[in-house]
Structures are given as structure tokens and as C-alpha cells.
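The file data_1.csv comes next; it holds CSV, C-alpha atoms and all ligand atoms.
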```
chain,number,residue,atom,x,y,z
A,1,MET,CA,-13.2,-6.2,17.1
A,2,SER,CA,-13.2,-9.5,19.0
A,3,GLN,CA,-13.2,-13.2,18.1
A,4,ASN,CA,-16.5,-14.8,17.2
A,5,LYS,CA,-16.9,-17.1,20.1
A,6,SER,CA,-19.3,-19.4,18.3
A,7,ASP,CA,-17.1,-20.2,15.3
A,8,PRO,CA,-18.2,-23.7,14.3
A,9,ARG,CA,-14.6,-24.7,13.6
A,10,ASP,CA,-14.0,-24.6,17.3
A,11,LYS,CA,-15.8,-28.0,17.6
A,12,LEU,CA,-13.0,-29.6,15.5
A,13,ARG,CA,-10.5,-32.0,17.0
A,14,GLY,CA,-7.4,-30.0,18.0
A,15,ARG,CA,-9.4,-27.1,19.4
A,16,SER,CA,-10.1,-26.7,23.1
A,17,ASN,CA,-13.6,-27.8,24.1
A,18,VAL,CA,-13.4,-28.6,27.8
A,19,LYS,CA,-16.6,-28.0,29.9
A,20,ASP,CA,-16.2,-26.6,33.4
A,21,SER,CA,-17.0,-29.0,36.3
A,22,PRO,CA,-16.7,-28.4,40.0
A,23,GLU,CA,-13.5,-30.6,40.1
A,24,LEU,CA,-12.0,-28.6,37.3
A,25,ILE,CA,-12.9,-25.2,38.8
A,26,GLU,CA,-11.2,-26.3,42.0
A,27,PHE,CA,-8.2,-27.6,40.0
A,28,TYR,CA,-8.0,-24.2,38.1
A,29,GLU,CA,-8.0,-22.4,41.5
A,30,LYS,CA,-5.2,-24.5,42.7
A,31,LEU,CA,-3.2,-23.8,39.6
A,32,GLU,CA,-3.8,-20.1,39.9
A,33,SER,CA,-2.6,-20.1,43.5
A,34,LYS,CA,0.7,-21.5,42.2
A,35,SER,CA,1.0,-18.9,39.4
A,36,ALA,CA,-0.1,-21.4,36.7
A,37,THR,CA,-3.1,-22.0,34.5
A,38,ALA,CA,-4.4,-24.6,32.1
A,39,PHE,CA,-3.6,-23.9,28.5
A,40,TRP,CA,-6.9,-25.2,27.2
A,41,ARG,CA,-8.7,-22.4,29.0
A,42,ARG,CA,-7.0,-19.8,26.8
A,43,ALA,CA,-6.0,-21.8,23.7
A,44,ASN,CA,-8.8,-20.7,21.4
A,45,ASP,CA,-8.2,-17.1,22.2
A,46,ILE,CA,-4.5,-17.1,21.7
A,47,GLU,CA,-4.7,-19.2,18.6
A,48,PRO,CA,-7.4,-17.5,16.6
A,49,TRP,CA,-8.3,-18.9,13.2
A,50,GLU,CA,-7.0,-15.7,11.6
A,51,PRO,CA,-5.6,-12.5,13.0
A,52,ILE,CA,-8.0,-10.6,15.2
A,53,THR,CA,-7.0,-7.0,15.8
A,54,ARG,CA,-7.8,-5.3,19.1
A,55,TYR,CA,-7.6,-1.9,17.3
A,56,ASN,CA,-10.5,-0.1,15.7
A,57,PRO,CA,-10.2,1.7,12.3
A,58,THR,CA,-10.1,5.3,13.6
A,59,LEU,CA,-10.2,8.7,11.8
A,60,TRP,CA,-8.6,11.8,13.3
A,61,ARG,CA,-10.0,15.0,11.6
A,62,TYR,CA,-7.4,17.7,11.2
A,63,GLN,CA,-9.9,20.4,11.6
A,64,ASP,CA,-10.7,19.0,15.1
A,65,LEU,CA,-7.1,18.7,16.1
A,66,ARG,CA,-5.3,21.6,14.5
A,67,ASP,CA,-6.4,24.3,17.0
A,68,LEU,CA,-5.5,22.0,19.9
A,69,VAL,CA,-2.1,21.3,18.4
A,70,LEU,CA,-1.5,25.1,18.0
A,71,ARG,CA,-2.7,25.7,21.6
A,72,SER,CA,-0.1,23.2,22.9
A,73,ALA,CA,2.5,25.6,21.4
A,74,GLU,CA,1.2,28.4,23.6
A,75,LEU,CA,1.0,26.3,26.7
A,76,VAL,CA,4.3,24.3,26.7
A,77,LYS,CA,7.8,25.0,25.5
A,78,PRO,CA,9.5,22.3,23.4
A,79,GLU,CA,12.6,22.3,25.8
A,80,GLU,CA,10.2,21.6,28.7
A,81,ALA,CA,8.2,19.0,26.8
A,82,GLY,CA,11.2,17.3,25.3
A,83,ARG,CA,9.0,17.0,22.2
A,84,ARG,CA,5.8,18.9,21.9
A,85,VAL,CA,3.7,16.2,20.5
A,86,ILE,CA,-0.1,15.5,20.7
A,87,VAL,CA,-0.4,11.7,20.6
A,88,LEU,CA,-3.1,10.1,18.4
A,89,MET,CA,-5.0,7.4,20.4
A,90,ASN,CA,-6.9,4.5,18.9
A,91,ASP,CA,-10.6,4.5,19.2
A,92,SER,CA,-10.4,1.4,21.4
A,93,ASP,CA,-8.8,0.3,24.6
A,94,ALA,CA,-6.0,-1.4,22.8
A,95,GLY,CA,-2.4,-0.4,23.0
A,96,ARG,CA,-2.7,2.2,25.7
A,97,GLU,CA,0.2,0.8,27.6
A,98,HIS,CA,2.6,1.8,24.8
A,99,THR,CA,0.6,4.7,23.4
A,100,ALA,CA,0.1,2.6,20.3
A,101,CYS,CA,-2.1,4.2,17.7
A,102,VAL,CA,-2.5,1.0,15.8
A,103,GLY,CA,-0.5,-2.3,16.2
A,104,TRP,CA,3.2,-1.5,16.5
A,105,LEU,CA,2.8,2.1,15.4
A,106,PHE,CA,2.9,5.3,17.5
A,107,SER,CA,1.8,8.6,15.9
A,108,GLY,CA,1.5,12.1,17.0
A,109,LEU,CA,1.3,15.7,15.7
A,110,GLN,CA,4.4,17.8,16.6
A,111,VAL,CA,4.3,21.6,16.4
A,112,MET,CA,7.2,24.1,16.3
A,113,LYS,CA,7.1,27.9,16.1
A,114,PRO,CA,9.7,30.0,14.2
A,115,GLY,CA,12.9,30.2,16.3
A,116,GLU,CA,12.1,27.1,18.4
A,117,ILE,CA,14.2,24.0,18.6
A,118,THR,CA,13.5,20.5,19.9
A,119,PRO,CA,16.5,19.3,22.0
A,120,ALA,CA,18.9,16.7,20.5
A,121,HIS,CA,18.5,13.2,21.7
A,122,LYS,CA,18.5,9.6,20.3
A,123,HIS,CA,16.6,6.4,21.0
A,124,THR,CA,16.4,2.8,19.8
A,125,ALA,CA,13.0,3.6,18.3
A,126,SER,CA,12.9,4.7,14.7
A,127,ALA,CA,11.0,7.8,13.6
A,128,GLN,CA,9.7,9.2,10.4
A,129,ARG,CA,7.8,12.4,9.8
A,130,PHE,CA,5.4,13.7,7.3
A,131,ILE,CA,5.4,17.5,7.0
A,132,MET,CA,1.8,18.7,7.1
A,133,GLU,CA,2.3,22.5,7.4
A,134,GLY,CA,5.1,25.0,7.4
A,135,GLY,CA,8.2,26.0,5.5
A,136,GLY,CA,11.6,26.8,6.9
A,137,ALA,CA,11.8,23.8,9.2
A,138,TYR,CA,14.7,21.5,9.5
A,139,THR,CA,16.0,18.4,11.2
A,140,VAL,CA,19.5,17.4,12.0
A,141,VAL,CA,20.2,13.6,11.8
A,142,ASP,CA,23.7,12.5,13.0
A,143,GLY,CA,25.1,15.8,11.8
A,144,HIS,CA,23.2,15.9,8.5
A,145,GLN,CA,20.9,19.0,8.4
A,146,VAL,CA,17.9,18.6,6.1
A,147,THR,CA,15.5,21.4,5.3
A,148,LEU,CA,11.8,20.5,5.3
A,149,ASN,CA,8.7,21.6,3.4
A,150,LYS,CA,5.1,20.7,3.1
A,151,ASN,CA,4.4,17.0,2.2
A,152,ASP,CA,8.0,16.0,2.5
A,153,TYR,CA,8.7,12.7,4.1
A,154,VAL,CA,11.7,12.6,6.4
A,155,LEU,CA,13.6,9.8,8.3
A,156,THR,CA,15.1,9.7,11.8
A,157,PRO,CA,16.5,6.1,11.8
A,158,ASN,CA,17.0,4.3,15.1
A,159,GLY,CA,20.1,5.2,17.1
A,160,CYS,CA,20.7,8.5,15.2
A,161,TRP,CA,21.1,11.8,17.1
A,162,HIS,CA,18.3,14.2,16.1
A,163,ASP,CA,17.1,17.7,16.9
A,164,HIS,CA,14.6,19.8,14.9
A,165,GLY,CA,13.9,23.4,14.5
A,166,VAL,CA,12.2,26.2,12.6
A,167,PHE,CA,14.3,29.1,11.3
A,168,GLU,CA,13.4,32.5,12.6
A,169,ASP,CA,11.9,33.5,9.3
A,170,GLY,CA,10.1,30.2,8.8
A,171,ASP,CA,6.4,29.3,9.4
A,172,ILE,CA,4.8,27.5,12.3
A,173,SER,CA,5.4,23.9,11.4
A,174,ILE,CA,3.1,20.9,12.1
A,175,TRP,CA,4.2,17.4,11.2
A,176,GLN,CA,2.9,13.9,11.8
A,177,ASP,CA,5.5,11.8,13.6
A,178,GLY,CA,5.4,8.0,13.2
A,179,LEU,CA,7.5,5.8,15.5
A,180,ASP,CA,7.8,2.1,16.4
A,181,ILE,CA,7.7,2.9,20.1
A,182,PRO,CA,5.1,0.2,20.8
A,183,LEU,CA,7.3,-2.5,19.2
A,184,MET,CA,10.5,-1.3,20.9
A,185,ASN,CA,8.8,-1.3,24.3
A,186,SER,CA,7.1,-4.6,23.7
A,187,LEU,CA,10.4,-6.1,22.9
A,188,GLU,CA,11.9,-4.3,25.9
A,189,THR,CA,14.8,-3.0,23.8
A,190,ASN,CA,14.3,0.8,24.0
A,191,PHE,CA,17.2,3.0,25.1
A,192,TYR,CA,17.2,6.8,25.3
A,193,SER,CA,20.0,9.3,25.5
A,194,VAL,CA,20.3,13.1,25.5
A,195,TYR,CA,23.0,14.9,23.4
A,196,PRO,CA,25.6,16.9,25.4
A,197,GLU,CA,24.5,20.1,23.7
A,198,VAL,CA,20.9,21.4,23.2
A,199,ALA,CA,21.4,21.0,19.4
A,200,GLN,CA,23.9,19.4,17.1
A,201,VAL,CA,26.2,21.6,15.0
A,202,PRO,CA,25.7,20.3,11.4
A,203,LYS,CA,28.8,18.4,10.3
A,204,TYR,CA,28.1,18.4,6.6
A,205,ASN,CA,26.8,20.9,4.0
A,206,ILE,CA,23.1,21.6,4.4
A,207,ASP,CA,20.9,19.1,2.6
A,208,ASP,CA,24.0,17.0,1.7
A,209,SER,CA,21.8,13.8,2.0
A,210,PRO,CA,19.2,14.6,-0.7
A,211,MET,CA,21.9,16.3,-2.8
A,212,THR,CA,24.0,13.1,-2.7
A,213,TYR,CA,21.4,10.4,-2.8
A,214,GLY,CA,18.3,12.1,-4.2
A,215,ALA,CA,18.8,11.7,-7.9
A,216,PRO,CA,16.7,8.8,-9.4
A,217,GLY,CA,18.8,5.8,-10.1
A,218,LEU,CA,22.1,7.5,-9.4
A,219,ILE,CA,24.4,6.6,-6.5
A,220,PRO,CA,27.7,8.4,-5.8
A,221,ALA,CA,30.6,6.2,-7.2
A,222,ASP,CA,33.5,7.8,-5.3
A,223,ARG,CA,33.1,6.3,-1.8
A,224,GLU,CA,32.7,3.1,0.2
A,225,PRO,CA,29.4,1.4,-0.3
A,226,TRP,CA,26.7,2.6,2.2
A,227,ASP,CA,26.5,-0.1,4.9
A,228,LYS,CA,24.1,1.3,7.5
A,229,PRO,CA,20.8,-0.6,8.0
A,230,TYR,CA,18.8,2.5,6.8
A,231,SER,CA,18.5,4.7,3.8
A,232,PRO,CA,21.2,7.4,3.3
A,233,LEU,CA,18.5,9.5,1.7
A,234,LEU,CA,16.9,11.2,4.8
A,235,VAL,CA,14.3,13.3,3.0
A,236,TYR,CA,12.0,12.5,0.1
A,237,ARG,CA,10.7,15.7,-1.4
A,238,TRP,CA,7.1,16.2,-2.3
A,239,LYS,CA,7.8,17.7,-5.7
A,240,ASP,CA,9.9,14.6,-6.7
A,241,THR,CA,7.3,12.2,-5.2
A,242,LYS,CA,4.4,13.9,-7.0
A,243,GLU,CA,6.2,14.0,-10.3
A,244,ALA,CA,7.0,10.3,-9.9
A,245,LEU,CA,3.4,9.4,-9.2
A,246,TYR,CA,2.2,11.3,-12.3
A,247,ASN,CA,4.8,9.5,-14.4
A,248,LEU,CA,3.8,6.2,-13.0
A,249,SER,CA,0.2,6.9,-13.9
A,250,LYS,CA,1.3,7.5,-17.5
A,251,ALA,CA,3.2,4.2,-17.5
A,252,GLY,CA,0.5,1.7,-16.7
A,253,SER,CA,-2.7,1.0,-14.9
A,254,GLY,CA,-1.5,0.8,-11.3
A,255,SER,CA,-2.7,-1.3,-8.4
A,256,PRO,CA,-6.4,-2.4,-8.2
A,257,PHE,CA,-6.2,-1.9,-4.4
A,258,ASP,CA,-4.2,1.3,-4.1
A,259,GLY,CA,-4.3,3.2,-7.4
A,260,TYR,CA,-0.8,4.5,-8.2
A,261,ILE,CA,1.5,3.7,-5.2
A,262,LEU,CA,5.1,4.3,-4.6
A,263,ARG,CA,7.2,3.1,-1.7
A,264,TYR,CA,9.8,5.4,-0.1
A,265,SER,CA,12.8,3.2,-0.5
A,266,ASN,CA,16.5,3.1,0.4
A,267,PRO,CA,18.1,4.1,-3.0
A,268,VAL,CA,21.1,1.9,-2.3
A,269,THR,CA,19.2,-1.3,-1.8
A,270,GLY,CA,15.7,-0.7,-3.2
A,271,GLY,CA,14.4,-2.1,0.1
A,272,TRP,CA,12.5,-0.3,2.9
A,273,ALA,CA,14.1,2.9,4.1
A,274,MET,CA,14.2,1.7,7.7
A,275,LYS,CA,14.2,-1.8,9.3
A,276,THR,CA,10.9,-1.6,11.3
A,277,MET,CA,8.6,0.9,9.4
A,278,GLY,CA,7.9,1.6,5.8
A,279,ALA,CA,6.0,4.3,4.0
A,280,HIS,CA,4.1,5.0,0.8
A,281,MET,CA,2.6,7.8,-1.2
A,282,GLN,CA,-0.3,6.9,-3.4
A,283,MET,CA,-2.5,8.7,-5.9
A,284,LEU,CA,-6.1,7.9,-6.7
A,285,LYS,CA,-7.4,9.2,-10.1
A,286,PRO,CA,-10.5,11.4,-10.2
A,287,GLY,CA,-13.5,9.2,-9.3
A,288,GLN,CA,-11.3,6.1,-8.7
A,289,HIS,CA,-12.8,3.4,-6.4
A,290,THR,CA,-10.2,0.7,-5.6
A,291,LYS,CA,-11.0,-2.9,-4.8
A,292,ALA,CA,-11.0,-4.3,-1.3
A,293,HIS,CA,-8.1,-6.3,0.1
A,294,ARG,CA,-6.6,-7.0,3.5
A,295,HIS,CA,-3.2,-7.9,4.8
A,296,THR,CA,-1.3,-8.5,7.9
A,297,GLY,CA,0.5,-5.3,9.2
A,298,ASN,CA,-0.9,-2.0,10.3
A,299,VAL,CA,-1.1,1.3,8.4
A,300,MET,CA,-1.5,4.9,9.3
A,301,TYR,CA,-2.7,7.2,6.5
A,302,ASN,CA,-2.6,11.0,6.1
A,303,CYS,CA,-4.5,12.6,3.2
A,304,ALA,CA,-1.8,14.7,1.4
A,305,GLY,CA,-4.4,16.3,-0.8
A,306,GLY,CA,-7.9,15.8,-2.3
A,307,VAL,CA,-11.1,14.4,-0.9
A,308,GLY,CA,-12.6,11.0,-0.6
A,309,TYR,CA,-13.3,8.2,1.7
A,310,SER,CA,-12.1,4.7,2.6
A,311,ILE,CA,-14.2,1.8,3.5
A,312,ILE,CA,-12.5,0.0,6.4
A,313,GLY,CA,-14.0,-3.0,8.0
A,314,GLY,CA,-17.3,-2.2,6.3
A,315,ARG,CA,-17.5,1.4,7.5
A,316,GLU,CA,-17.0,4.6,5.6
A,317,PHE,CA,-14.3,7.1,6.8
A,318,HIS,CA,-14.5,10.3,4.9
A,319,TRP,CA,-11.2,12.3,4.6
A,320,GLN,CA,-9.9,15.5,3.3
A,321,GLU,CA,-6.5,17.2,3.4
A,322,HIS,CA,-4.5,16.1,6.4
A,323,ASP,CA,-7.1,13.9,8.0
A,324,ILE,CA,-5.5,10.9,9.4
A,325,PHE,CA,-6.9,7.3,9.7
A,326,CYS,CA,-5.7,3.8,10.4
A,327,VAL,CA,-6.2,0.4,9.0
A,328,PRO,CA,-5.4,-2.4,11.5
A,329,SER,CA,-4.0,-5.8,10.6
A,330,TRP,CA,-6.2,-8.1,8.5
A,331,VAL,CA,-9.1,-5.6,8.1
A,332,TRP,CA,-10.6,-5.2,4.7
A,333,HIS,CA,-10.2,-1.7,3.1
A,334,GLU,CA,-10.7,0.1,-0.2
A,335,HIS,CA,-10.3,3.7,-1.1
A,336,VAL,CA,-12.5,6.2,-3.1
A,337,ASN,CA,-11.5,9.5,-4.6
A,338,THR,CA,-14.9,11.4,-4.7
A,339,SER,CA,-13.6,14.3,-6.8
A,340,GLY,CA,-14.5,14.2,-10.5
A,341,SER,CA,-11.6,16.4,-11.5
A,342,ASP,CA,-8.7,16.2,-9.1
A,343,GLU,CA,-6.3,13.5,-7.9
A,344,ALA,CA,-6.3,12.4,-4.3
A,345,PHE,CA,-3.1,11.7,-2.5
A,346,LEU,CA,-2.6,9.4,0.5
A,347,TYR,CA,0.6,9.3,2.5
A,348,SER,CA,0.9,6.2,4.8
A,349,PHE,CA,3.4,4.5,7.0
A,350,ASN,CA,3.3,0.9,8.2
A,351,ASP,CA,5.0,-1.9,10.0
A,352,PHE,CA,5.4,-4.1,6.9
A,353,PRO,CA,9.2,-4.4,7.2
A,354,VAL,CA,8.6,-6.2,10.5
A,355,MET,CA,6.0,-8.5,8.9
A,356,GLU,CA,8.2,-9.2,6.0
A,357,SER,CA,11.4,-9.8,7.8
A,358,LEU,CA,9.6,-12.4,10.0
A,359,SER,CA,7.9,-13.9,6.9
A,360,LEU,CA,4.5,-12.9,8.4
A,361,TYR,CA,3.2,-10.7,5.6
A,362,GLN,CA,0.0,-12.2,4.1
A,363,GLU,CA,-2.5,-10.5,1.7
A,364,GLU,CA,-6.0,-11.5,0.4
A,365,SER,CA,-8.2,-9.8,-2.1
A,366,MET,CA,-12.0,-9.8,-1.8
A,367,SER,CA,-13.5,-12.2,-4.3
A,368,GLU,CA,-17.2,-11.7,-3.5
A,369,ASN,CA,-19.4,-8.7,-4.4
A,370,LYS,CA,-17.2,-7.7,-7.3
A,371,GLY,CA,-14.3,-7.1,-4.9
A,372,HIS,CA,-16.1,-4.5,-2.7
A,373,GLN,CA,-17.1,-4.6,0.9
A,374,LYS,CA,-20.8,-4.6,2.0
A,375,LEU,CA,-21.4,-1.7,4.3
A,376,ALA,CA,-21.9,-2.7,7.9
A,377,GLY,CA,-25.3,-1.8,9.5
A,401,LIG,C1,10.6,11.6,19.4
A,401,LIG,O1,11.9,11.4,19.6
A,401,LIG,C2,10.2,12.6,18.6
A,401,LIG,O2,12.3,13.4,18.1
A,401,LIG,C3,8.8,12.8,18.4
A,401,LIG,O3,10.7,14.5,17.3
A,401,LIG,C4,7.9,12.0,19.0
A,401,LIG,C5,7.4,10.1,20.4
A,401,LIG,C6,7.8,9.1,21.2
A,401,LIG,C7,9.1,8.9,21.4
A,401,LIG,C8,10.1,9.7,20.9
A,401,LIG,C9,11.1,13.6,17.9
A,401,LIG,C10,8.3,11.0,19.8
A,401,LIG,C11,9.7,10.8,20.0
```

Would you mind writing the file's structure down as C-alpha cells?
Ligand code: 1HN
Amino acid sequence: MSQNKSDPRDKLRGRSNVKDSPELIEFYEKLESKSATAFWRRANDIEPWEPITRYNPTLWRYQDLRDLVLRSAELVKPEEAGRRVIVLMNDSDAGREHTACVGWLFSGLQVMKPGEITPAHKHTASAQRFIMEGGGAYTVVDGHQVTLNKNDYVLTPNGCWHDHGVFEDGDISIWQDGLDIPLMNSLETNFYSVYPEVAQVPKYNIDDSPMTYGAPGLIPADREPWDKPYSPLLVYRWKDTKEALYNLSKAGSGSPFDGYILRYSNPVTGGWAMKTMGAHMQMLKPGQHTKAHRHTGNVMYNCAGGVGYSIIGGREFHWQEHDIFCVPSWVWHEHVNTSGSDEAFLYSFNDFPVMESLSLYQEESMSENKGHQKLAG
């Protein structure tokens, strides 16, 4: 997507409207030879009338990728690879430098076989994972071991030591990783360290994090207040999330743009679970077609169940279980559950905490055409 060069507003005072002349071209060449340039040559591009994403809405079909992800587990060992992750690339040239999938977000599919471990390390980048397949997997985050099952959402906050594994009697496990690597590398703030041992020895009882902080509305009263900049609840279980969505659907009519939608939040603050990335799980009722809106910030979706499609930037993207798609900043989108009998579930992660903390979050609902996009082409 690129800026419409013939925007009539570009003729307004305050916009750059300088015609080239032989003298100017010579002047520009002189500037360039001194590592300088004239601002007015670039101004309209770097000050668009509204955000213009360089990313395309993109769909990654799980049935296209699953065999390749499994094949990576035959070809490469996790201790050789560091992390055996197949990176999702945007269907555009944007963001290649930082392997961005969309905007500030990196995403990949990680696979682990029973008995395997991913060596312990830490980095400035924050990570989160959505478990697509497998039981008997675990992660250890700063000594807290957390067991993982299908459709669980799990945090690896920035600066925390982490290693993952699958127990010998577990299943092959595939999860979607989401990291803020492009943001950290653009800010040039990313540090990486390896742990002295291949894996951490858990320091606490297994699953102490969800057992301590996982009860709705209840926080332990016998200790110092949690003061870290991320959620003490490291895993959000699918059975709790699903129950909460059904309860929400009985309580009211939900969001016109998202159906019933819950934010994975820090139970101590009610805010985002991590500083740079947030995540949601949403439920669309059978046959539901939401209204179109757009907002600043980028979103990666993963269908956690059901069938449907989303209209993104005027194009239909059809999804079924574990298909992944993205919505870039300021692109119109609406969602449709095509089943007449079953709910559809969309997990998503985003860079909204960055937008919000810099006061950059903006949202607009579509007013024309009864709130729905016209299909392109
Ligand atoms: C990372 O640390 C993991 O720990 C997965 O599982 C994917 C992609 C880029 C940078 C760090 C992990 C990653 C990553």
C-alpha cells in the first residue's frame, strides 16, 4: 500500500510543492555530495495525511505450513538452531531487515518433539506464545515452570531467562511465537545472553504462577505487592478463557467490531500483561458479521477454532483453525463467522501497549455503507 501521490490536499499551503529546475537539480546534487538533502523533496512522503502502512494484510494457511514446520524438526536440532522457528514473512517487501511480520511484530511457528529442550537464554525482546498443538509441553520463566496445553497463551516477558521443552511422554508441540524483535532492533536496544546451564532448574513449585495469580479477581494477600513491569500470571489457560468468553456473551451484546473480546491482562494492575505487546481472545457468534473499523497499531491473528473470513483492506481472507493473518496499522477490517451453528474464536496479539503509552492509539469506525467495506476489485 503506498501513498496516493495525487492527493488534492497536497496543493494546500504548508505542503511541499517545489518543481524541479536545472538549478535545483544541480543544488540537490551538491547537497547529496555533502551527505545532505532538501527536506521539501521528502516532506510529503514522511508526513502522510494519515498512516500509510508498508505491510500487506497477509494470510498464512496452517495446512500449507504444518508439514514444513514438522519437517524442520527432522532437519535441525533445537540446540543447534537455538530456537527451531519458522518465521512468518509479510507478503510485501516491508520489514525484512528486522524479520517483521507486520509493524513492530515478529512471529514464527516453533516446533518441539517429546524429550527435546530449547536452551535457556534471555533477551531484551518480549515474547508470547500461543499453543497451537500438543500436550505435555512446558516453559520455565525465571525459575517458574509452567505446563502448556492447546490454546493456552503464555508470556516470556523481557529480560526473563527462559527455556522450553516437551516431556518424554508429551506430544509434538507447535506454537506461534510473537515477539517485539522489530521494535527492539529499531530502537537499537536488544541485548541477548545465554544461561550458564542448558536449562534452568525450576525454583518454585510447578505451575506456581497460575496457581497463585490465576483465580479471577483474587490476589494473594500475604506478600509484598508485585512490582515488576509485567504480569505475574505467566499462562492463561484456554479452559478459563473460553468459559470467560461464554460468560461475557451471556452478560451483554459485545463489541460491534470484535464480537465478544477479552484482553489477556495483568491481574494485579488490570493493564496489559507486558509493556510492548498485548493480546486478546475473541468469540464470534454463529453467523456474526462485525462492523468495520480501523486503528493505529498492528495485529496478528490466529484462528483458535471455527471457520470464517475477515475483510481486510477490502479483500476477503478466509480462515479455519490455526490459520494466521495480520491486520496492519490503519487498515479497515471486519470479521465474519460463516458457521450457522458454532462459535469462532480468534486469538490475536498486537503492539497496542506501545501505541497507548506514546498516546498514539487512534480508532475510527466506518460510517458509510452501513459500516461495511466495499470489496476491492
Ligand atoms: C526466542 O527467544 C524464542 O525463546 C522464539 O522460544 C523465537 C525469535 C526471535 C528472537 C528470539 C524462544 C524467537 C526468539

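Near ligand LIG 401 (chain A), at distances of 8 Å or less and with all atoms listed in the file counted, sit the residues Arg83, Arg84, Val85, Val87, Phe106, Ser107, Gly108, Gln110, Thr118, Ala120, His121, Lys122, His123, Ala125, Ala127, Thr156, His162, Asp163, His164, Asp177, Gly178, Leu179 and Ile181 of chain A.
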
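Shortest separation to Pro182 in chain A among A:Lys77, A:Lys150, A:Lys113, A:His98 occurs at residue A:His98, atoms counted being all atoms listed in the file.
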
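You will find CA of Lys370 in chain A at 9.3 Å from CA of Ala292 in chain A.
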
- Interatomic distance between CA of Leu248 in chain A and CA of Ser339 in chain A? 20.2 Å

Which residues of range 227-280 of chain A come within 12 Å of range 205-208 of chain A, and what is each one's closest atom pair and distance in Å (one decimal), counting all atoms listed in the file, sorted by chain and residue number, as a tab-separated table?
```
residue	atom	partner	partner_atom	distance
A:Pro232	CA	A:Asp208	CA	10.1
A:Leu233	CA	A:Asp208	CA	9.3
A:Leu234	CA	A:Asp207	CA	9.1
A:Val235	CA	A:Asp207	CA	8.8
A:Tyr236	CA	A:Asp207	CA	11.4
A:Arg237	CA	A:Asp207	CA	11.5
```

Leaving out Asp64 in chain A and any residue of its chain fewer than 6 positions from it, which residues lie within 12 Å of it when counting all atoms listed in the file, given as a tab-separated table (two decimals) with C-alpha atoms, in the frame of the given file?
```
chain	number	residue	atom	x	y	z
A	70	LEU	CA	-1.50	25.10	18.00
A	322	HIS	CA	-4.50	16.10	6.40
A	323	ASP	CA	-7.10	13.90	8.00
A	324	ILE	CA	-5.50	10.90	9.40
```

- Non-local contacts of Asn266 in chain A (9 Å; all atoms listed in the file; under 3 positions in same chain excluded) as number ranges by chain: A: 230-233, 269-274

Any idea what's packed within 12 Å of range 9-12 of chain A, counting all atoms listed in the file, ignoring anything in its chain fewer than 3 positions away? Could you give it as a PDB file with C-alpha atoms, keeping the file's coordinate frame?
```pdb
ATOM      1  CA  GLN A   3     -13.200 -13.200  18.100  1.00  0.00           C
ATOM      2  CA  ASN A   4     -16.500 -14.800  17.200  1.00  0.00           C
ATOM      3  CA  LYS A   5     -16.900 -17.100  20.100  1.00  0.00           C
ATOM      4  CA  SER A   6     -19.300 -19.400  18.300  1.00  0.00           C
ATOM      5  CA  ARG A  15      -9.400 -27.100  19.400  1.00  0.00           C
ATOM      6  CA  SER A  16     -10.100 -26.700  23.100  1.00  0.00           C
ATOM      7  CA  ASN A  17     -13.600 -27.800  24.100  1.00  0.00           C
ATOM      8  CA  VAL A  18     -13.400 -28.600  27.800  1.00  0.00           C
ATOM      9  CA  ALA A  43      -6.000 -21.800  23.700  1.00  0.00           C
ATOM     10  CA  ASN A  44      -8.800 -20.700  21.400  1.00  0.00           C
ATOM     11  CA  ASP A  45      -8.200 -17.100  22.200  1.00  0.00           C
ATOM     12  CA  GLU A  47      -4.700 -19.200  18.600  1.00  0.00           C
ATOM     13  CA  PRO A  48      -7.400 -17.500  16.600  1.00  0.00           C
ATOM     14  CA  TRP A  49      -8.300 -18.900  13.200  1.00  0.00           C
ATOM     15  CA  GLU A  50      -7.000 -15.700  11.600  1.00  0.00           C
TER      16      GLU A  50
END
```

- Item | Protein, DNA and RNA residues within 6 Å of (-11.9, 6.1, -1.0), all atoms listed in the file, as a PyMOL selection string | chain A and resi 308-310+335-337

If we count all atoms listed in the file and set the cut-off at 12 Å, which residues sit around Ala73 in chain A, ignoring sequence neighbours fewer than 3 positions away in its own chain? Please answer as a short mmCIF file (atom, residue, chain, number, x, y, z; two decimals) with C-alpha atoms, in the coordinates of the input.
```
data_model
loop_
_atom_site.label_atom_id
_atom_site.label_comp_id
_atom_site.auth_asym_id
_atom_site.auth_seq_id
_atom_site.Cartn_x
_atom_site.Cartn_y
_atom_site.Cartn_z
CA ARG A 66 -5.30 21.60 14.50
CA ASP A 67 -6.40 24.30 17.00
CA LEU A 68 -5.50 22.00 19.90
CA VAL A 69 -2.10 21.30 18.40
CA LEU A 70 -1.50 25.10 18.00
CA VAL A 76 4.30 24.30 26.70
CA LYS A 77 7.80 25.00 25.50
CA PRO A 78 9.50 22.30 23.40
CA GLU A 79 12.60 22.30 25.80
CA GLU A 80 10.20 21.60 28.70
CA ALA A 81 8.20 19.00 26.80
CA ARG A 83 9.00 17.00 22.20
CA ARG A 84 5.80 18.90 21.90
CA VAL A 85 3.70 16.20 20.50
CA ILE A 86 -0.10 15.50 20.70
CA LEU A 109 1.30 15.70 15.70
CA GLN A 110 4.40 17.80 16.60
CA VAL A 111 4.30 21.60 16.40
CA MET A 112 7.20 24.10 16.30
CA LYS A 113 7.10 27.90 16.10
CA PRO A 114 9.70 30.00 14.20
CA GLU A 116 12.10 27.10 18.40
CA ILE A 172 4.80 27.50 12.30
CA SER A 173 5.40 23.90 11.40
CA ILE A 174 3.10 20.90 12.10
#
```

- Item | Contact residues around Gln288 in chain A with all atoms listed in the file at 12 Å, ignoring same-chain residues under 5 positions, as a count of residues only | 25

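With CA of Val198 in chain A on one side and CA of Thr139 in chain A on the other, the separation reads 13.3 Å.
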